[in-house]
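entry30.cif (mmCIF, C-alpha atoms and all ligand atoms) appears below.
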```
data_model
loop_
_atom_site.label_atom_id
_atom_site.label_comp_id
_atom_site.auth_asym_id
_atom_site.auth_seq_id
_atom_site.Cartn_x
_atom_site.Cartn_y
_atom_site.Cartn_z
CA MET A 1 -1.97 16.19 12.21
CA GLN A 2 -3.62 14.28 9.39
CA ASP A 3 -4.90 10.76 9.80
CA ASP A 4 -3.72 8.33 7.21
CA MET A 5 -6.12 5.76 5.74
CA SER A 6 -5.78 3.33 8.59
CA GLY A 7 -6.55 6.03 11.14
CA ARG A 8 -3.00 5.99 12.49
CA THR A 9 -1.10 9.22 12.80
CA HIS A 10 2.40 10.11 11.72
CA HIS A 11 4.09 11.44 14.86
CA ASN A 12 7.42 9.88 14.07
CA ALA A 13 7.32 10.58 10.37
CA HIS A 14 6.97 14.28 11.06
CA HIS A 15 10.03 14.34 13.24
CA GLY A 16 11.98 12.00 11.06
CA ILE A 17 12.85 9.53 13.81
CA VAL A 18 13.44 6.09 12.33
CA GLU A 19 13.43 2.76 14.10
CA ASN A 20 17.13 2.77 14.93
CA GLY A 21 16.69 6.07 16.80
CA ARG A 22 18.40 8.09 14.10
CA THR A 23 16.72 11.00 12.35
CA HIS A 24 16.19 10.74 8.61
CA LEU A 25 17.04 14.30 7.56
CA ARG A 26 14.86 14.31 4.43
CA ASP A 27 11.87 13.38 6.61
CA LEU A 28 12.20 16.78 8.25
CA SER A 29 10.60 19.91 6.88
CA LEU A 30 13.17 22.65 6.32
CA THR A 31 11.99 24.40 9.51
CA GLU A 32 12.48 21.14 11.43
CA LEU A 33 15.92 20.71 9.84
CA ARG A 34 16.91 24.19 11.06
CA GLU A 35 15.75 23.26 14.57
CA PHE A 36 17.65 19.99 14.37
CA VAL A 37 20.88 21.88 13.64
CA GLU A 38 20.15 24.30 16.49
CA ARG A 39 19.72 21.37 18.90
CA LEU A 40 23.22 20.21 17.95
CA GLU A 41 24.41 23.62 19.18
CA GLU A 42 26.12 24.27 15.91
CA PRO A 43 26.42 27.73 14.31
CA ARG A 44 23.49 28.72 12.10
CA TYR A 45 25.41 28.53 8.87
CA ARG A 46 25.73 24.78 9.35
CA TYR A 47 22.02 24.56 8.38
CA ARG A 48 22.83 26.15 5.04
CA GLN A 49 25.73 23.78 4.47
CA LEU A 50 23.67 20.73 5.40
CA VAL A 51 20.66 21.69 3.30
CA SER A 52 22.89 22.26 0.30
CA TRP A 53 24.40 18.79 0.69
CA LEU A 54 20.94 17.26 0.96
CA TYR A 55 19.15 18.98 -1.92
CA GLU A 56 21.72 20.63 -4.17
CA LYS A 57 24.70 18.33 -4.09
CA LEU A 58 22.44 15.33 -3.42
CA ALA A 59 24.78 13.60 -1.01
CA ASP A 60 24.21 10.00 0.06
CA ASP A 61 26.49 9.99 3.05
CA PHE A 62 27.77 12.38 5.72
CA LEU A 63 31.36 11.53 4.81
CA GLU A 64 30.89 13.34 1.49
CA MET A 65 30.10 16.59 3.33
CA THR A 66 33.67 17.82 3.24
CA ASP A 67 33.03 21.37 4.42
CA LEU A 68 31.65 20.08 7.75
CA PRO A 69 34.21 19.30 10.47
CA MET A 70 34.90 15.58 10.83
CA SER A 71 33.63 15.62 14.44
CA LEU A 72 30.26 16.95 13.23
CA ARG A 73 30.09 14.40 10.43
CA GLU A 74 30.66 11.68 13.03
CA THR A 75 27.97 13.10 15.33
CA LEU A 76 25.57 13.24 12.41
CA GLY A 77 26.46 9.69 11.41
CA ARG A 78 25.51 8.48 14.90
CA ASN A 79 22.28 10.46 15.16
CA ALA A 80 20.97 10.86 11.66
CA GLU A 81 20.85 9.43 8.15
CA VAL A 82 20.81 10.99 4.70
CA SER A 83 18.84 8.42 2.72
CA SER A 84 16.39 5.69 3.68
CA LEU A 85 16.83 3.78 0.44
CA ARG A 86 18.63 0.53 1.07
CA GLY A 87 19.28 -0.59 -2.47
CA ALA A 88 18.37 0.23 -6.00
CA THR A 89 18.17 -1.69 -9.23
CA MET A 90 17.55 -0.03 -12.55
CA GLN A 91 16.26 -1.20 -15.93
CA VAL A 92 16.92 0.89 -19.02
CA SER A 93 14.65 0.78 -22.08
CA LYS A 94 16.55 -0.01 -25.27
CA ILE A 95 13.85 1.82 -27.19
CA ASP A 96 13.80 5.28 -25.59
CA ASP A 97 16.22 5.28 -22.64
CA THR A 98 13.38 5.31 -20.08
CA ARG A 99 14.74 4.13 -16.74
CA LYS A 100 12.76 2.21 -14.17
CA TYR A 101 14.14 2.05 -10.64
CA LEU A 102 13.23 -0.41 -7.93
CA PHE A 103 14.17 0.80 -4.46
CA GLU A 104 14.31 -1.23 -1.29
CA LEU A 105 13.11 0.67 1.75
CA ARG A 106 14.35 0.32 5.30
CA ASP A 107 11.60 -2.17 6.20
CA GLY A 108 12.31 -4.41 3.20
CA LYS A 109 9.36 -3.15 1.15
CA PHE A 110 9.85 -2.03 -2.44
CA VAL A 111 8.86 1.00 -4.41
CA GLU A 112 9.33 2.00 -8.05
CA SER A 113 10.13 5.28 -9.81
CA VAL A 114 10.59 6.06 -13.51
CA MET A 115 12.71 8.60 -15.42
CA MET A 116 11.51 9.51 -18.92
CA ARG A 117 13.06 11.72 -21.58
CA HIS A 118 10.99 13.97 -23.81
CA GLY A 119 13.53 15.75 -25.99
CA HIS A 120 15.56 17.88 -23.59
CA ARG A 121 13.12 17.53 -20.73
CA LEU A 122 13.22 14.82 -18.10
CA THR A 123 10.19 13.64 -16.20
CA LEU A 124 10.54 11.81 -12.90
CA CYS A 125 7.52 9.70 -12.06
CA ILE A 126 7.51 9.32 -8.29
CA SER A 127 5.61 6.94 -5.98
CA SER A 128 3.74 8.09 -2.89
CA GLN A 129 2.62 4.73 -1.44
CA VAL A 130 3.81 1.12 -1.40
CA GLY A 131 1.15 -0.45 -3.61
CA CYS A 132 -2.17 1.36 -3.98
CA PRO A 133 -5.48 0.91 -2.15
CA MET A 134 -7.49 2.15 -5.13
CA ASP A 135 -8.68 -0.42 -7.62
CA CYS A 136 -8.63 1.21 -11.03
CA ARG A 137 -9.23 -1.72 -13.33
CA PHE A 138 -6.79 -0.65 -16.05
CA CYS A 139 -3.87 -0.28 -13.63
CA GLN A 140 -1.34 -2.99 -12.73
CA THR A 141 -0.42 -1.24 -9.49
CA SER A 142 -3.94 -1.96 -8.25
CA LYS A 143 -3.31 -5.70 -8.63
CA GLY A 144 -0.61 -5.59 -5.98
CA VAL A 145 -1.20 -5.05 -2.32
CA PHE A 146 -1.45 -1.76 -0.56
CA GLN A 147 1.08 -1.85 2.23
CA ARG A 148 1.65 1.65 3.54
CA ASN A 149 2.11 5.32 2.88
CA LEU A 150 5.63 6.49 2.15
CA LYS A 151 7.23 8.96 4.51
CA SER A 152 8.24 12.38 3.19
CA GLY A 153 11.90 11.37 3.30
CA GLU A 154 11.23 8.22 1.26
CA ILE A 155 9.52 10.31 -1.41
CA LEU A 156 12.33 12.90 -1.46
CA ASP A 157 14.94 10.12 -1.52
CA GLN A 158 13.45 8.81 -4.79
CA ILE A 159 13.62 12.30 -6.29
CA CYS A 160 17.19 12.94 -5.10
CA HIS A 161 18.39 9.54 -6.29
CA LEU A 162 16.93 10.02 -9.78
CA LYS A 163 18.22 13.60 -9.97
CA GLN A 164 21.68 12.34 -9.08
CA ASP A 165 21.44 9.97 -12.02
CA CYS A 166 20.73 12.76 -14.51
CA ARG A 167 23.09 15.35 -13.09
CA ASP A 168 23.87 17.14 -16.36
CA ASP A 169 20.19 17.59 -17.10
CA ALA A 170 19.06 18.08 -13.53
CA ASP A 171 17.77 21.61 -14.29
CA LYS A 172 15.32 20.28 -16.85
CA VAL A 173 13.56 17.95 -14.47
CA ASN A 174 9.79 17.77 -13.96
CA ILE A 175 8.24 15.75 -11.19
CA VAL A 176 4.95 13.92 -11.51
CA PHE A 177 3.35 12.14 -8.55
CA MET A 178 2.01 9.47 -10.83
CA GLY A 179 3.92 6.40 -9.72
CA MET A 180 2.58 3.84 -7.26
CA GLY A 181 -0.21 5.06 -5.04
CA GLU A 182 -2.84 7.74 -4.74
CA PRO A 183 -0.84 10.78 -3.59
CA LEU A 184 -3.78 12.53 -1.94
CA LEU A 185 -4.22 9.57 0.42
CA ASN A 186 -0.74 10.37 1.74
CA TYR A 187 -1.71 13.98 2.06
CA ARG A 188 0.49 15.42 4.86
CA SER A 189 3.66 13.83 3.56
CA LEU A 190 2.88 14.98 0.02
CA VAL A 191 2.33 18.58 1.12
CA GLN A 192 5.57 18.56 3.12
CA VAL A 193 7.49 17.17 0.14
CA ILE A 194 6.09 19.83 -2.19
CA GLY A 195 7.02 22.50 0.39
CA THR A 196 10.63 21.27 0.24
CA LEU A 197 10.55 21.10 -3.56
CA ASN A 198 9.26 24.70 -3.74
CA ASP A 199 11.63 26.22 -1.19
CA ALA A 200 14.73 28.09 -2.36
CA ASP A 201 16.68 26.13 0.30
CA GLY A 202 15.25 22.87 -1.07
CA LEU A 203 14.97 22.08 -4.78
CA GLU A 204 13.49 25.45 -5.77
CA MET A 205 10.90 24.09 -8.21
CA GLY A 206 7.73 25.91 -9.21
CA SER A 207 4.22 24.78 -10.05
CA LYS A 208 4.89 24.12 -13.73
CA ARG A 209 7.47 21.50 -12.81
CA ILE A 210 5.48 19.58 -10.17
CA THR A 211 2.26 17.71 -10.96
CA VAL A 212 0.10 15.79 -8.53
CA SER A 213 -1.99 13.20 -10.35
CA THR A 214 -5.05 12.00 -8.45
CA SER A 215 -7.77 9.49 -9.19
CA GLY A 216 -10.12 12.24 -7.95
CA LEU A 217 -10.71 12.84 -4.23
CA PRO A 218 -12.72 16.08 -4.23
CA ARG A 219 -12.22 17.18 -0.61
CA ARG A 220 -8.47 16.69 -0.75
CA MET A 221 -8.19 18.36 -4.15
CA LYS A 222 -9.79 21.44 -2.58
CA ASN A 223 -7.51 21.20 0.46
CA LEU A 224 -4.50 21.08 -1.85
CA ALA A 225 -5.71 24.22 -3.62
CA ASN A 226 -5.84 25.99 -0.24
CA GLU A 227 -2.37 24.95 0.98
CA GLY A 228 -0.55 27.82 -0.70
CA ILE A 229 2.06 25.48 -2.17
CA LYS A 230 3.13 25.48 -5.80
CA CYS A 231 2.07 22.46 -7.83
CA SER A 232 -0.16 21.58 -10.76
CA LEU A 233 -3.01 19.10 -10.62
CA ALA A 234 -4.00 16.30 -13.00
CA VAL A 235 -7.18 14.29 -12.49
CA SER A 236 -7.37 10.77 -13.86
CA LEU A 237 -10.94 10.96 -15.17
CA ASN A 238 -11.26 8.03 -17.60
CA ALA A 239 -15.05 8.12 -17.77
CA THR A 240 -17.78 10.45 -18.94
CA THR A 241 -20.64 9.01 -16.86
CA ASP A 242 -20.89 7.91 -13.22
CA ASP A 243 -21.79 4.36 -14.32
CA GLN A 244 -18.66 4.08 -16.41
CA ARG A 245 -16.54 5.40 -13.60
CA ARG A 246 -18.09 2.87 -11.19
CA ARG A 247 -17.02 0.08 -13.55
CA LEU A 248 -13.52 1.37 -14.26
CA MET A 249 -12.57 3.01 -10.96
CA PRO A 250 -14.85 1.50 -8.30
CA ALA A 251 -13.06 2.85 -5.21
CA VAL A 252 -13.11 6.48 -6.20
CA SER A 253 -16.53 6.37 -7.88
CA ARG A 254 -18.27 7.01 -4.57
CA HIS A 255 -17.54 10.61 -5.50
CA SER A 256 -19.71 11.70 -8.41
CA LEU A 257 -18.19 12.99 -11.62
CA LYS A 258 -19.86 16.30 -10.89
CA ASP A 259 -18.14 16.65 -7.48
CA THR A 260 -14.82 15.65 -9.05
CA ILE A 261 -15.13 18.23 -11.83
CA ASP A 262 -16.30 20.90 -9.35
CA ALA A 263 -13.20 20.25 -7.21
CA ALA A 264 -10.94 20.42 -10.28
CA ARG A 265 -12.50 23.75 -11.24
CA TYR A 266 -12.06 24.98 -7.65
CA PHE A 267 -8.34 24.07 -7.82
CA ALA A 268 -7.93 25.86 -11.15
CA GLU A 269 -9.73 28.99 -9.99
CA ARG A 270 -8.06 29.15 -6.58
CA THR A 271 -4.52 28.65 -7.92
CA GLY A 272 -4.83 30.18 -11.39
CA ARG A 273 -3.46 26.93 -12.85
CA ARG A 274 -5.22 24.99 -15.59
CA VAL A 275 -6.03 21.42 -14.49
CA THR A 276 -5.28 18.44 -16.74
CA LEU A 277 -8.00 15.84 -17.18
CA GLU A 278 -6.34 12.52 -18.02
CA TYR A 279 -8.28 9.98 -20.01
CA VAL A 280 -7.00 6.44 -20.59
CA LEU A 281 -8.66 5.18 -23.78
CA LEU A 282 -10.11 1.70 -23.19
CA LYS A 283 -11.63 0.43 -26.39
CA GLY A 284 -15.34 -0.32 -26.08
CA GLU A 285 -15.47 1.02 -22.49
CA ASN A 286 -15.07 4.79 -22.78
CA THR A 287 -14.28 5.48 -26.44
CA SER A 288 -17.66 5.87 -28.15
CA TYR A 289 -18.74 8.84 -30.26
CA GLU A 290 -20.97 9.91 -27.31
CA ASP A 291 -18.02 9.64 -24.92
CA ALA A 292 -15.97 11.98 -27.09
CA HIS A 293 -18.82 14.53 -27.06
CA ARG A 294 -19.40 14.20 -23.30
CA LEU A 295 -15.66 14.52 -22.62
CA GLY A 296 -15.59 17.61 -24.81
CA LYS A 297 -18.43 19.15 -22.82
CA ILE A 298 -16.69 18.32 -19.51
CA SER A 299 -13.51 19.98 -20.78
CA ARG A 300 -15.44 23.23 -21.10
CA LYS A 301 -16.58 23.24 -17.48
CA GLY A 302 -13.40 24.89 -16.28
CA PRO A 303 -9.91 25.91 -17.30
CA PHE A 304 -9.05 22.33 -18.18
CA LYS A 305 -6.87 20.62 -20.74
CA ILE A 306 -7.36 17.05 -21.89
CA ASN A 307 -4.58 14.49 -22.00
CA LEU A 308 -5.54 11.33 -23.87
CA ILE A 309 -3.57 8.20 -22.96
CA PRO A 310 -3.87 5.23 -25.33
CA TYR A 311 -4.17 2.11 -23.14
CA ASN A 312 -0.92 0.25 -22.85
CA PRO A 313 -1.66 -3.48 -22.89
CA GLY A 314 1.42 -4.50 -20.86
CA ARG A 315 1.90 -8.07 -19.65
CA ASP A 316 -1.66 -9.03 -18.93
CA PRO A 317 -4.08 -6.89 -20.93
CA GLU A 318 -7.68 -6.68 -19.74
CA PHE A 319 -8.75 -4.16 -22.36
CA ASP A 320 -8.28 -3.57 -26.07
CA THR A 321 -6.30 -0.71 -27.52
CA LEU A 322 -7.72 1.75 -30.08
CA SER A 323 -6.25 1.59 -33.56
CA GLU A 324 -4.63 4.80 -34.87
CA ASP A 325 -7.72 5.43 -37.04
CA GLU A 326 -10.08 5.02 -34.10
CA LEU A 327 -7.91 7.31 -32.01
CA ASP A 328 -7.96 9.88 -34.76
CA ARG A 329 -11.78 9.73 -35.02
CA PHE A 330 -12.08 10.25 -31.23
CA ILE A 331 -9.74 13.23 -31.43
CA GLN A 332 -11.65 14.80 -34.33
CA VAL A 333 -14.87 14.82 -32.27
CA LEU A 334 -13.06 16.23 -29.24
CA LEU A 335 -10.93 18.90 -30.92
CA PRO A 336 -13.63 21.54 -31.47
CA TYR A 337 -14.35 21.48 -27.71
CA SER A 338 -10.77 21.23 -26.50
CA PRO A 339 -8.18 22.65 -28.88
CA THR A 340 -5.31 22.21 -26.38
CA LEU A 341 -5.74 18.46 -26.23
CA THR A 342 -2.58 16.31 -26.02
CA VAL A 343 -1.95 12.59 -26.50
CA ARG A 344 0.54 10.88 -24.23
CA ARG A 345 2.42 7.98 -25.75
CA SER A 346 3.81 5.32 -23.42
CA LYS A 347 7.46 5.28 -22.57
CA GLY A 348 9.71 2.30 -21.92
CA PRO A 349 7.35 -0.38 -23.32
CA ASP A 350 10.08 -3.05 -23.16
CA ILE A 351 10.57 -2.57 -19.41
CA PHE A 352 6.87 -2.08 -18.53
CA ALA A 353 7.48 1.43 -17.27
CA ALA A 354 4.23 2.97 -18.52
CA CYS A 355 1.68 4.65 -16.34
CA GLY A 356 -0.27 2.05 -14.39
CA GLN A 357 2.36 -0.63 -14.88
CA LEU A 358 4.34 -0.08 -11.72
CA TRP A 359 3.88 -3.17 -9.72
CA ASN A 360 6.33 -5.56 -8.22
CA GLN A 361 5.60 -9.22 -7.60
CA SER A 362 7.38 -9.05 -4.28
CA LEU A 363 4.68 -6.79 -2.86
CA GLY A 364 2.71 -9.94 -1.92
CA HIS A 365 -0.23 -10.23 0.56
CA LYS A 366 -3.90 -9.55 0.15
CA LYS A 367 -5.37 -6.26 -0.92
CA GLU A 368 -7.10 -4.20 1.76
CA PRO A 369 -10.23 -2.17 1.08
CA ALA A 370 -9.83 1.57 0.54
CA GLU A 371 -11.09 3.81 3.32
CA GLY A 372 -10.92 7.50 3.99
CA THR A 373 -11.16 8.38 0.34
S1 LIG A 401 -4.35 4.41 -11.42
FE1 LIG A 401 -3.33 5.40 -9.68
S2 LIG A 401 -4.97 5.49 -8.08
FE2 LIG A 401 -5.65 3.98 -9.64
S3 LIG A 401 -4.92 1.98 -8.82
FE3 LIG A 401 -3.33 2.80 -10.23
S4 LIG A 401 -1.87 3.85 -8.89
FE4 LIG A 401 -3.78 3.61 -7.73
#
```
Spell out the structure here as structure tokens.
Ligand code: SF4
Amino acid sequence: MQDDMSGRTHHNAHHGIVENGRTHLRDLSLTELREFVERLEEPRYRYRQLVSWLYEKLADDFLEMTDLPMSLRETLGRNAEVSSLRGATMQVSKIDDTRKYLFELRDGKFVESVMMRHGHRLTLCISSQVGCPMDCRFCQTSKGVFQRNLKSGEILDQICHLKQDCRDDADKVNIVFMGMGEPLLNYRSLVQVIGTLNDADGLEMGSKRITVSTSGLPRRMKNLANEGIKCSLAVSLNATTDDQRRRLMPAVSRHSLKDTIDAARYFAERTGRRVTLEYVLLKGENTSYEDAHRLGKISRKGPFKINLIPYNPGRDPEFDTLSEDELDRFIQVLLPYSPTLTVRRSKGPDIFAACGQLWNQSLGHKKEPAEGT
């Protein structure tokens, strides 16, 4: 059992029991779901039917599950629930069809997810916490209030809801844990979710299609490498010196750059998967000629690839954006070190759907300090 940040444990979350005494089926691991069906004294094949409704046909309600007898659907309706999402609103970008979803959770809190199109591919940007306890200065989510970790079922519900919305293209979906929150602070739920995503009974997705993006928690990055689950890792680096990182990402900067890079290399070597180093370009903060050289040198410390992200000013910009010429000069210094470098352009600028812009005014309250990082 893993402690969350507040030191509380997740007994109920792991057994999927929600406040009204019903079990949220997507909170259960697939082993727990099998046991749940056994406890109902139903034949074993009912597990297969149920799991297919949950993760293949993406049902919202037991009544849809037409190959289950009505008496079983009624029993399930009394004892369990399919989705914990209470309501959803969606904004669609007129520029590039990016969709931003705002979900209401059972306890009245809100969480956001984003669906982006890149040619034929779809990327689902999924939240792992309500708000975020980290305080990365370039990120709007950090301006809200950290309220709580999401349960596994709440994370899977976002994925299933978005997949439902892109049914025809559902096979081309990639998932990035890059929405609200630091996913490695919600470690046990994240690992359970990835287990369900990987499993042939679940969504059957491999490591190339699932990316965990962390601000850089070395111990948990190493733990993730040792879990034996299939996912890729991206580290939001954004600095080439410890001083810079302290200014830009104070909460996570208690871990040195060296420890962060060592943990990224450990992940890459242990899993055989190249790690992405993400770098938000903040003009005058981390974009000097020396920064480009230092970033280049860091990129050679392991099987890494660099993803440059031009800062998106959003509603309330605190930093300046590089011009195209300045960006090009930065890239020219970096390219000899890191030929696989990519640049990520923001999606959905008219609906503020870019990375680091997920934040809802209704989150309210005062920010709590980050612990356990
Ligand atoms: S960048 Fe990520 S870890 Fe940092 S405050 Fe934003 S959501 Fe949290």
Counting all atoms listed in the file, what are the residues of region 222-308 of chain A within 9 Å of region 319-338 of chain A, and for each of them which pair of atoms is the nearest and at what distance in Å, to one decimal? Sort the table by chain and rising number, as a Markdown table.
```
| residue | atom | partner | partner_atom | distance |
| --- | --- | --- | --- | --- |
| A:Leu281 | CA | A:Leu322 | CA | 7.2 |
| A:Leu282 | CA | A:Phe319 | CA | 6.1 |
| A:Lys283 | CA | A:Asp320 | CA | 5.2 |
| A:Gly284 | CA | A:Asp320 | CA | 7.8 |
| A:Glu285 | CA | A:Phe319 | CA | 8.5 |
| A:Thr287 | CA | A:Phe330 | CA | 7.1 |
| A:Ser288 | CA | A:Phe330 | CA | 7.7 |
| A:Tyr289 | CA | A:Phe330 | CA | 6.9 |
| A:Asp291 | CA | A:Phe330 | CA | 8.7 |
| A:Ala292 | CA | A:Leu334 | CA | 5.6 |
| A:His293 | CA | A:Leu334 | CA | 6.4 |
| A:Arg294 | CA | A:Leu334 | CA | 8.9 |
| A:Leu295 | CA | A:Leu334 | CA | 7.3 |
| A:Gly296 | CA | A:Tyr337 | CA | 5.0 |
| A:Lys297 | CA | A:Tyr337 | CA | 6.8 |
| A:Ser299 | CA | A:Ser338 | CA | 6.5 |
| A:Arg300 | CA | A:Tyr337 | CA | 6.9 |
| A:Phe304 | CA | A:Ser338 | CA | 8.6 |
| A:Lys305 | CA | A:Ser338 | CA | 7.0 |
| A:Ile306 | CA | A:Ser338 | CA | 7.1 |
| A:Leu308 | CA | A:Ile331 | CA | 8.9 |
```
List as JSON lines every residue of chain A that is in contact with ligand LIG 401 (chain A), defined as an atom at most 9 Å from one of its atoms (using all atoms listed in the file), together with the nearest atom pair and the distance in Å rounded to one decimal, sorted by chain and then rising number.
```
{"residue": "A:Ser127", "atom": "CA", "partner": "A:LIG401", "partner_atom": "S4", "distance": 8.6}
{"residue": "A:Gln129", "atom": "CA", "partner": "A:LIG401", "partner_atom": "S4", "distance": 8.7}
{"residue": "A:Gly131", "atom": "CA", "partner": "A:LIG401", "partner_atom": "S4", "distance": 7.4}
{"residue": "A:Cys132", "atom": "CA", "partner": "A:LIG401", "partner_atom": "FE4", "distance": 4.7}
{"residue": "A:Pro133", "atom": "CA", "partner": "A:LIG401", "partner_atom": "FE4", "distance": 6.4}
{"residue": "A:Met134", "atom": "CA", "partner": "A:LIG401", "partner_atom": "S3", "distance": 4.5}
{"residue": "A:Asp135", "atom": "CA", "partner": "A:LIG401", "partner_atom": "S3", "distance": 4.6}
{"residue": "A:Cys136", "atom": "CA", "partner": "A:LIG401", "partner_atom": "FE2", "distance": 4.3}
{"residue": "A:Arg137", "atom": "CA", "partner": "A:LIG401", "partner_atom": "S3", "distance": 7.3}
{"residue": "A:Phe138", "atom": "CA", "partner": "A:LIG401", "partner_atom": "S1", "distance": 7.3}
{"residue": "A:Cys139", "atom": "CA", "partner": "A:LIG401", "partner_atom": "FE3", "distance": 4.6}
{"residue": "A:Gln140", "atom": "CA", "partner": "A:LIG401", "partner_atom": "FE3", "distance": 6.6}
{"residue": "A:Thr141", "atom": "CA", "partner": "A:LIG401", "partner_atom": "FE3", "distance": 5.0}
{"residue": "A:Ser142", "atom": "CA", "partner": "A:LIG401", "partner_atom": "S3", "distance": 4.1}
{"residue": "A:Lys143", "atom": "CA", "partner": "A:LIG401", "partner_atom": "S3", "distance": 7.8}
{"residue": "A:Met178", "atom": "CA", "partner": "A:LIG401", "partner_atom": "FE1", "distance": 6.8}
{"residue": "A:Gly179", "atom": "CA", "partner": "A:LIG401", "partner_atom": "S4", "distance": 6.4}
{"residue": "A:Met180", "atom": "CA", "partner": "A:LIG401", "partner_atom": "S4", "distance": 4.7}
{"residue": "A:Gly181", "atom": "CA", "partner": "A:LIG401", "partner_atom": "S4", "distance": 4.4}
{"residue": "A:Glu182", "atom": "CA", "partner": "A:LIG401", "partner_atom": "S2", "distance": 4.6}
{"residue": "A:Pro183", "atom": "CA", "partner": "A:LIG401", "partner_atom": "S2", "distance": 8.1}
{"residue": "A:Ser213", "atom": "CA", "partner": "A:LIG401", "partner_atom": "FE1", "distance": 7.9}
{"residue": "A:Thr214", "atom": "CA", "partner": "A:LIG401", "partner_atom": "S2", "distance": 6.5}
{"residue": "A:Ser215", "atom": "CA", "partner": "A:LIG401", "partner_atom": "S2", "distance": 5.0}
{"residue": "A:Gly216", "atom": "CA", "partner": "A:LIG401", "partner_atom": "S2", "distance": 8.5}
{"residue": "A:Ser236", "atom": "CA", "partner": "A:LIG401", "partner_atom": "S1", "distance": 7.5}
{"residue": "A:Met249", "atom": "CA", "partner": "A:LIG401", "partner_atom": "FE2", "distance": 7.1}
{"residue": "A:Ala251", "atom": "CA", "partner": "A:LIG401", "partner_atom": "FE2", "distance": 8.7}
{"residue": "A:Val252", "atom": "CA", "partner": "A:LIG401", "partner_atom": "S2", "distance": 8.4}
{"residue": "A:Cys355", "atom": "CA", "partner": "A:LIG401", "partner_atom": "S1", "distance": 7.8}
{"residue": "A:Gly356", "atom": "CA", "partner": "A:LIG401", "partner_atom": "FE3", "distance": 5.2}
{"residue": "A:Gln357", "atom": "CA", "partner": "A:LIG401", "partner_atom": "FE3", "distance": 8.1}
{"residue": "A:Leu358", "atom": "CA", "partner": "A:LIG401", "partner_atom": "S4", "distance": 7.9}
```
Output C-alpha atoms for every residue in that selection, as an mmCIF file, keeping the file's coordinate frame.
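That gives us result32.cif:
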```cif
data_model
loop_
_atom_site.group_PDB
_atom_site.id
_atom_site.type_symbol
_atom_site.label_atom_id
_atom_site.label_comp_id
_atom_site.auth_asym_id
_atom_site.auth_seq_id
_atom_site.Cartn_x
_atom_site.Cartn_y
_atom_site.Cartn_z
ATOM 1 C CA SER A 127 5.610 6.940 -5.980
ATOM 2 C CA GLN A 129 2.620 4.730 -1.440
ATOM 3 C CA GLY A 131 1.150 -0.450 -3.610
ATOM 4 C CA CYS A 132 -2.170 1.360 -3.980
ATOM 5 C CA PRO A 133 -5.480 0.910 -2.150
ATOM 6 C CA MET A 134 -7.490 2.150 -5.130
ATOM 7 C CA ASP A 135 -8.680 -0.420 -7.620
ATOM 8 C CA CYS A 136 -8.630 1.210 -11.030
ATOM 9 C CA ARG A 137 -9.230 -1.720 -13.330
ATOM 10 C CA PHE A 138 -6.790 -0.650 -16.050
ATOM 11 C CA CYS A 139 -3.870 -0.280 -13.630
ATOM 12 C CA GLN A 140 -1.340 -2.990 -12.730
ATOM 13 C CA THR A 141 -0.420 -1.240 -9.490
ATOM 14 C CA SER A 142 -3.940 -1.960 -8.250
ATOM 15 C CA LYS A 143 -3.310 -5.700 -8.630
ATOM 16 C CA MET A 178 2.010 9.470 -10.830
ATOM 17 C CA GLY A 179 3.920 6.400 -9.720
ATOM 18 C CA MET A 180 2.580 3.840 -7.260
ATOM 19 C CA GLY A 181 -0.210 5.060 -5.040
ATOM 20 C CA GLU A 182 -2.840 7.740 -4.740
ATOM 21 C CA PRO A 183 -0.840 10.780 -3.590
ATOM 22 C CA SER A 213 -1.990 13.200 -10.350
ATOM 23 C CA THR A 214 -5.050 12.000 -8.450
ATOM 24 C CA SER A 215 -7.770 9.490 -9.190
ATOM 25 C CA GLY A 216 -10.120 12.240 -7.950
ATOM 26 C CA SER A 236 -7.370 10.770 -13.860
ATOM 27 C CA MET A 249 -12.570 3.010 -10.960
ATOM 28 C CA ALA A 251 -13.060 2.850 -5.210
ATOM 29 C CA VAL A 252 -13.110 6.480 -6.200
ATOM 30 C CA CYS A 355 1.680 4.650 -16.340
ATOM 31 C CA GLY A 356 -0.270 2.050 -14.390
ATOM 32 C CA GLN A 357 2.360 -0.630 -14.880
ATOM 33 C CA LEU A 358 4.340 -0.080 -11.720
#
```
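Each of A:Arg34, A:Ala263, A:Gly77, A:Val114 was checked against Val92 (chain A) using all atoms listed in the file; the smallest atom-to-atom distance is that of A:Val114.
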Quick one: residues within 8 Å of Arg220 (chain A), only C-alpha atoms counted, chain neighbours fewer than 3 positions away excluded, as a PyMOL selection string?
-> chain A and resi 184+187+217+223-224
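With CA of Thr31 (chain A) on one side and CA of Asn79 (chain A) on the other, the separation reads 18.2 Å.
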For region 84-86 of chain A, work out the shell of residues within 6 Å, counting only C-alpha atoms and skipping chain neighbours fewer than 5 positions away, then give it as a ChimeraX atom specification.
-> /A:104-106
If you count all atoms listed in the file, which residues fall within 8 Å of Pro218 (chain A), apart from same-chain ones fewer than 5 positions away, as a compact mmCIF listing (two decimals) with C-alpha atoms, in the coordinates of the input?
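Generated file (out_28.txt):
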```txt
# COMPACT_ATOMS: atom_id res chain seq x y z
CA HIS A 255 -17.54 10.61 -5.50
CA ASP A 259 -18.14 16.65 -7.48
CA THR A 260 -14.82 15.65 -9.05
CA ASP A 262 -16.30 20.90 -9.35
CA ALA A 263 -13.20 20.25 -7.21
CA ALA A 264 -10.94 20.42 -10.28
```
Please define a box with edges along x, y and z of the file around all atoms of region 326-337 of chain A given in the file, extend it by 6 Å on each side, and return its centre and edge lengths in Å to one decimal, as JSON.
```
{"center_x": -11.4, "center_y": 13.3, "center_z": -31.4, "size_x": 19.0, "size_y": 28.5, "size_z": 19.3}
```
